[in-house]
Amino acid sequence: MGYYSGYTLANRMGLSSQVPFTQEISSNFAPALVRKMTIKNRQYIIRRPVVEVTEENAPVLQFLDCLKDIEKCTELEPEKCGKILTEFARKNAITKKKIDMIIANYPIKVYKAIYETEVEYVSS
């Protein structure tokens, strides 16, 4: 179980127009914190997630990863990022309760990114 992360996720969500040469994936099966791999002539960076990835929490992890990396992975204004992330949160039914279960595993800058982007998520 895993999900796209980093620059790859930012590009797929529309937060960045940059197409990364190396795909980034967070996976439960990462043998180390960060590992570079080549599979069928494609390069990947495999990262260990902050908590075990499940089908239910994968969108929340992606949401929080975007907020964690927002300063380095996007060229958009914070308000525009907030709109994109708000749409993602609504589409994936990301609630405050789901975020609260995981956010303590992330750096404090995620809270700052939530404030600066004015991102909204489902309240209940």
# chains A, B, ... in the order shown; residues from 1 in each chain; ligands from 1
call {"tool": "residues_around", "arguments": {"residues": "range 54-64 of chain A", "least_positions_apart": "4", "cutoff": "7 Å", "atoms": "only C-alpha atoms", "output": "list in words"}}
result
Met1, Tyr3, Ser5, Lys68, Asn92, Ile94 and Ile99 of chain A
call {"tool": "select_by_dssp", "arguments": {"residues": "range 4-85 of chain A", "states": "strand (DSSP E)", "output": "NGL selection string"}}
result
:A and (4 or 23-27 or 34-39 or 42-47)
call {"tool": "closest_residue", "arguments": {"among": "A:Tyr121, A:Ile46, A:Thr74, A:Val34", "to": "Ala93 in chain A", "atoms": "only C-alpha atoms"}}
result
A:Tyr121
call {"tool": "select_by_dssp", "arguments": {"residues": "range 18-74 of chain A", "states": "helix (DSSP H, G or I)", "output": "JSON, numbers by chain"}}
result
{"A": [58, 59, 60, 61, 62, 63, 64, 65, 66, 67, 68, 69, 70, 71, 72, 73]}
call {"tool": "residues_around", "arguments": {"residues": "Thr38 in chain A", "least_positions_apart": "3", "cutoff": "12 Å", "atoms": "only C-alpha atoms", "output": "ChimeraX atom specification"}}
result
/A:21-24,35,41-46
call {"tool": "closest_residue", "arguments": {"among": "A:Lys96, A:Pro20, A:Pro49, A:Tyr7", "to": "Ala32 in chain A", "atoms": "only C-alpha atoms"}}
result
A:Pro49
call {"tool": "residues_around", "arguments": {"residues": "Glu75 in chain A", "least_positions_apart": "2", "cutoff": "10 Å", "atoms": "only C-alpha atoms", "output": "ChimeraX atom specification"}}
result
/A:15-18,70-73,77-78,81
call {"tool": "closest_residue", "arguments": {"among": "A:Leu76, A:Val19, A:Gly2, A:Tyr111", "to": "Arg48 in chain A", "atoms": "only C-alpha atoms"}}
result
A:Gly2
call {"tool": "decode", "arguments": {"residues": "range 108-120 of chain A", "atoms": "all heavy atoms", "output": "PDB file, in the first residue's frame"}}
result
ATOM      1  N   ILE A 108       5.705  20.848  12.650  1.00  0.00           N
ATOM      2  CA  ILE A 108       4.833  21.960  13.022  1.00  0.00           C
ATOM      3  C   ILE A 108       4.519  22.869  11.828  1.00  0.00           C
ATOM      4  O   ILE A 108       3.482  23.533  11.809  1.00  0.00           O
ATOM      5  CB  ILE A 108       5.451  22.752  14.204  1.00  0.00           C
ATOM      6  CG1 ILE A 108       4.416  23.650  14.869  1.00  0.00           C
ATOM      7  CG2 ILE A 108       6.632  23.561  13.762  1.00  0.00           C
ATOM      8  CD1 ILE A 108       3.503  22.930  15.792  1.00  0.00           C
ATOM      9  N   LYS A 109       5.374  22.882  10.807  1.00  0.00           N
ATOM     10  CA  LYS A 109       5.142  23.749   9.660  1.00  0.00           C
ATOM     11  C   LYS A 109       3.862  23.390   8.899  1.00  0.00           C
ATOM     12  O   LYS A 109       3.347  24.202   8.145  1.00  0.00           O
ATOM     13  CB  LYS A 109       6.347  23.773   8.726  1.00  0.00           C
ATOM     14  CG  LYS A 109       6.611  22.481   7.978  1.00  0.00           C
ATOM     15  CD  LYS A 109       7.834  22.631   7.099  1.00  0.00           C
ATOM     16  CE  LYS A 109       8.123  21.379   6.327  1.00  0.00           C
ATOM     17  NZ  LYS A 109       9.248  21.551   5.419  1.00  0.00           N
ATOM     18  N   VAL A 110       3.318  22.201   9.118  1.00  0.00           N
ATOM     19  CA  VAL A 110       2.056  21.817   8.477  1.00  0.00           C
ATOM     20  C   VAL A 110       0.919  22.697   8.999  1.00  0.00           C
ATOM     21  O   VAL A 110       0.065  23.128   8.244  1.00  0.00           O
ATOM     22  CB  VAL A 110       1.760  20.316   8.675  1.00  0.00           C
ATOM     23  CG1 VAL A 110       0.366  19.958   8.197  1.00  0.00           C
ATOM     24  CG2 VAL A 110       2.802  19.483   7.958  1.00  0.00           C
ATOM     25  N   TYR A 111       0.941  22.987  10.299  1.00  0.00           N
ATOM     26  CA  TYR A 111      -0.076  23.877  10.875  1.00  0.00           C
ATOM     27  C   TYR A 111       0.003  25.262  10.240  1.00  0.00           C
ATOM     28  O   TYR A 111      -1.010  25.878   9.921  1.00  0.00           O
ATOM     29  CB  TYR A 111       0.100  24.002  12.392  1.00  0.00           C
ATOM     30  CG  TYR A 111      -0.160  22.735  13.153  1.00  0.00           C
ATOM     31  CD1 TYR A 111       0.883  21.895  13.522  1.00  0.00           C
ATOM     32  CD2 TYR A 111      -1.452  22.368  13.520  1.00  0.00           C
ATOM     33  CE1 TYR A 111       0.657  20.726  14.235  1.00  0.00           C
ATOM     34  CE2 TYR A 111      -1.701  21.201  14.229  1.00  0.00           C
ATOM     35  CZ  TYR A 111      -0.636  20.393  14.583  1.00  0.00           C
ATOM     36  OH  TYR A 111      -0.875  19.240  15.284  1.00  0.00           O
ATOM     37  N   LYS A 112       1.221  25.746  10.052  1.00  0.00           N
ATOM     38  CA  LYS A 112       1.439  27.051   9.419  1.00  0.00           C
ATOM     39  C   LYS A 112       0.915  27.028   7.980  1.00  0.00           C
ATOM     40  O   LYS A 112       0.263  27.970   7.536  1.00  0.00           O
ATOM     41  CB  LYS A 112       2.930  27.393   9.429  1.00  0.00           C
ATOM     42  CG  LYS A 112       3.251  28.715   8.810  1.00  0.00           C
ATOM     43  CD  LYS A 112       4.759  28.981   8.819  1.00  0.00           C
ATOM     44  CE  LYS A 112       5.045  30.265   8.081  1.00  0.00           C
ATOM     45  NZ  LYS A 112       6.378  30.324   7.527  1.00  0.00           N
ATOM     46  N   ALA A 113       1.170  25.941   7.264  1.00  0.00           N
ATOM     47  CA  ALA A 113       0.706  25.825   5.877  1.00  0.00           C
ATOM     48  C   ALA A 113      -0.819  25.792   5.805  1.00  0.00           C
ATOM     49  O   ALA A 113      -1.414  26.374   4.897  1.00  0.00           O
ATOM     50  CB  ALA A 113       1.297  24.581   5.220  1.00  0.00           C
ATOM     51  N   ILE A 114      -1.477  25.143   6.770  1.00  0.00           N
ATOM     52  CA  ILE A 114      -2.942  25.130   6.799  1.00  0.00           C
ATOM     53  C   ILE A 114      -3.455  26.558   6.950  1.00  0.00           C
ATOM     54  O   ILE A 114      -4.384  26.982   6.253  1.00  0.00           O
ATOM     55  CB  ILE A 114      -3.465  24.231   7.949  1.00  0.00           C
ATOM     56  CG1 ILE A 114      -3.218  22.763   7.614  1.00  0.00           C
ATOM     57  CG2 ILE A 114      -4.952  24.478   8.212  1.00  0.00           C
ATOM     58  CD1 ILE A 114      -3.505  21.801   8.761  1.00  0.00           C
ATOM     59  N   TYR A 115      -2.835  27.320   7.843  1.00  0.00           N
ATOM     60  CA  TYR A 115      -3.238  28.707   8.077  1.00  0.00           C
ATOM     61  C   TYR A 115      -2.976  29.573   6.845  1.00  0.00           C
ATOM     62  O   TYR A 115      -3.851  30.323   6.404  1.00  0.00           O
ATOM     63  CB  TYR A 115      -2.495  29.259   9.298  1.00  0.00           C
ATOM     64  CG  TYR A 115      -2.775  30.705   9.558  1.00  0.00           C
ATOM     65  CD1 TYR A 115      -3.965  31.107  10.158  1.00  0.00           C
ATOM     66  CD2 TYR A 115      -1.854  31.685   9.195  1.00  0.00           C
ATOM     67  CE1 TYR A 115      -4.234  32.441  10.385  1.00  0.00           C
ATOM     68  CE2 TYR A 115      -2.114  33.024   9.418  1.00  0.00           C
ATOM     69  CZ  TYR A 115      -3.298  33.404  10.011  1.00  0.00           C
ATOM     70  OH  TYR A 115      -3.560  34.721  10.228  1.00  0.00           O
ATOM     71  N   GLU A 116      -1.775  29.480   6.272  1.00  0.00           N
ATOM     72  CA  GLU A 116      -1.393  30.348   5.152  1.00  0.00           C
ATOM     73  C   GLU A 116      -2.191  30.054   3.878  1.00  0.00           C
ATOM     74  O   GLU A 116      -2.467  30.960   3.104  1.00  0.00           O
ATOM     75  CB  GLU A 116       0.101  30.226   4.874  1.00  0.00           C
ATOM     76  CG  GLU A 116       0.946  30.885   5.936  1.00  0.00           C
ATOM     77  CD  GLU A 116       2.437  30.739   5.686  1.00  0.00           C
ATOM     78  OE1 GLU A 116       2.836  29.914   4.816  1.00  0.00           O
ATOM     79  OE2 GLU A 116       3.193  31.436   6.366  1.00  0.00           O
ATOM     80  N   THR A 117      -2.522  28.797   3.646  1.00  0.00           N
ATOM     81  CA  THR A 117      -3.258  28.462   2.416  1.00  0.00           C
ATOM     82  C   THR A 117      -4.761  28.629   2.579  1.00  0.00           C
ATOM     83  O   THR A 117      -5.502  28.592   1.606  1.00  0.00           O
ATOM     84  CB  THR A 117      -2.988  26.993   1.993  1.00  0.00           C
ATOM     85  OG1 THR A 117      -3.421  26.126   3.034  1.00  0.00           O
ATOM     86  CG2 THR A 117      -1.522  26.777   1.661  1.00  0.00           C
ATOM     87  N   GLU A 118      -5.199  28.786   3.830  1.00  0.00           N
ATOM     88  CA  GLU A 118      -6.626  28.905   4.145  1.00  0.00           C
ATOM     89  C   GLU A 118      -7.404  27.687   3.636  1.00  0.00           C
ATOM     90  O   GLU A 118      -8.559  27.785   3.241  1.00  0.00           O
ATOM     91  CB  GLU A 118      -7.207  30.199   3.577  1.00  0.00           C
ATOM     92  CG  GLU A 118      -6.554  31.439   4.152  1.00  0.00           C
ATOM     93  CD  GLU A 118      -7.067  32.734   3.562  1.00  0.00           C
ATOM     94  OE1 GLU A 118      -8.033  32.714   2.778  1.00  0.00           O
ATOM     95  OE2 GLU A 118      -6.483  33.779   3.895  1.00  0.00           O
ATOM     96  N   VAL A 119      -6.736  26.540   3.648  1.00  0.00           N
ATOM     97  CA  VAL A 119      -7.366  25.301   3.186  1.00  0.00           C
ATOM     98  C   VAL A 119      -8.528  24.952   4.105  1.00  0.00           C
ATOM     99  O   VAL A 119      -8.491  25.204   5.301  1.00  0.00           O
ATOM    100  CB  VAL A 119      -6.336  24.148   3.102  1.00  0.00           C
ATOM    101  CG1 VAL A 119      -5.843  23.725   4.462  1.00  0.00           C
ATOM    102  CG2 VAL A 119      -6.901  22.965   2.364  1.00  0.00           C
ATOM    103  N   GLU A 120      -9.563  24.392   3.505  1.00  0.00           N
ATOM    104  CA  GLU A 120     -10.722  23.958   4.268  1.00  0.00           C
ATOM    105  C   GLU A 120     -10.900  22.468   4.061  1.00  0.00           C
ATOM    106  O   GLU A 120     -10.571  21.931   3.012  1.00  0.00           O
ATOM    107  CB  GLU A 120     -11.985  24.681   3.778  1.00  0.00           C
ATOM    108  CG  GLU A 120     -11.941  26.174   3.948  1.00  0.00           C
ATOM    109  CD  GLU A 120     -13.123  26.869   3.298  1.00  0.00           C
ATOM    110  OE1 GLU A 120     -14.109  26.191   2.957  1.00  0.00           O
ATOM    111  OE2 GLU A 120     -13.038  28.091   3.128  1.00  0.00           O
TER     112      GLU A 120
END
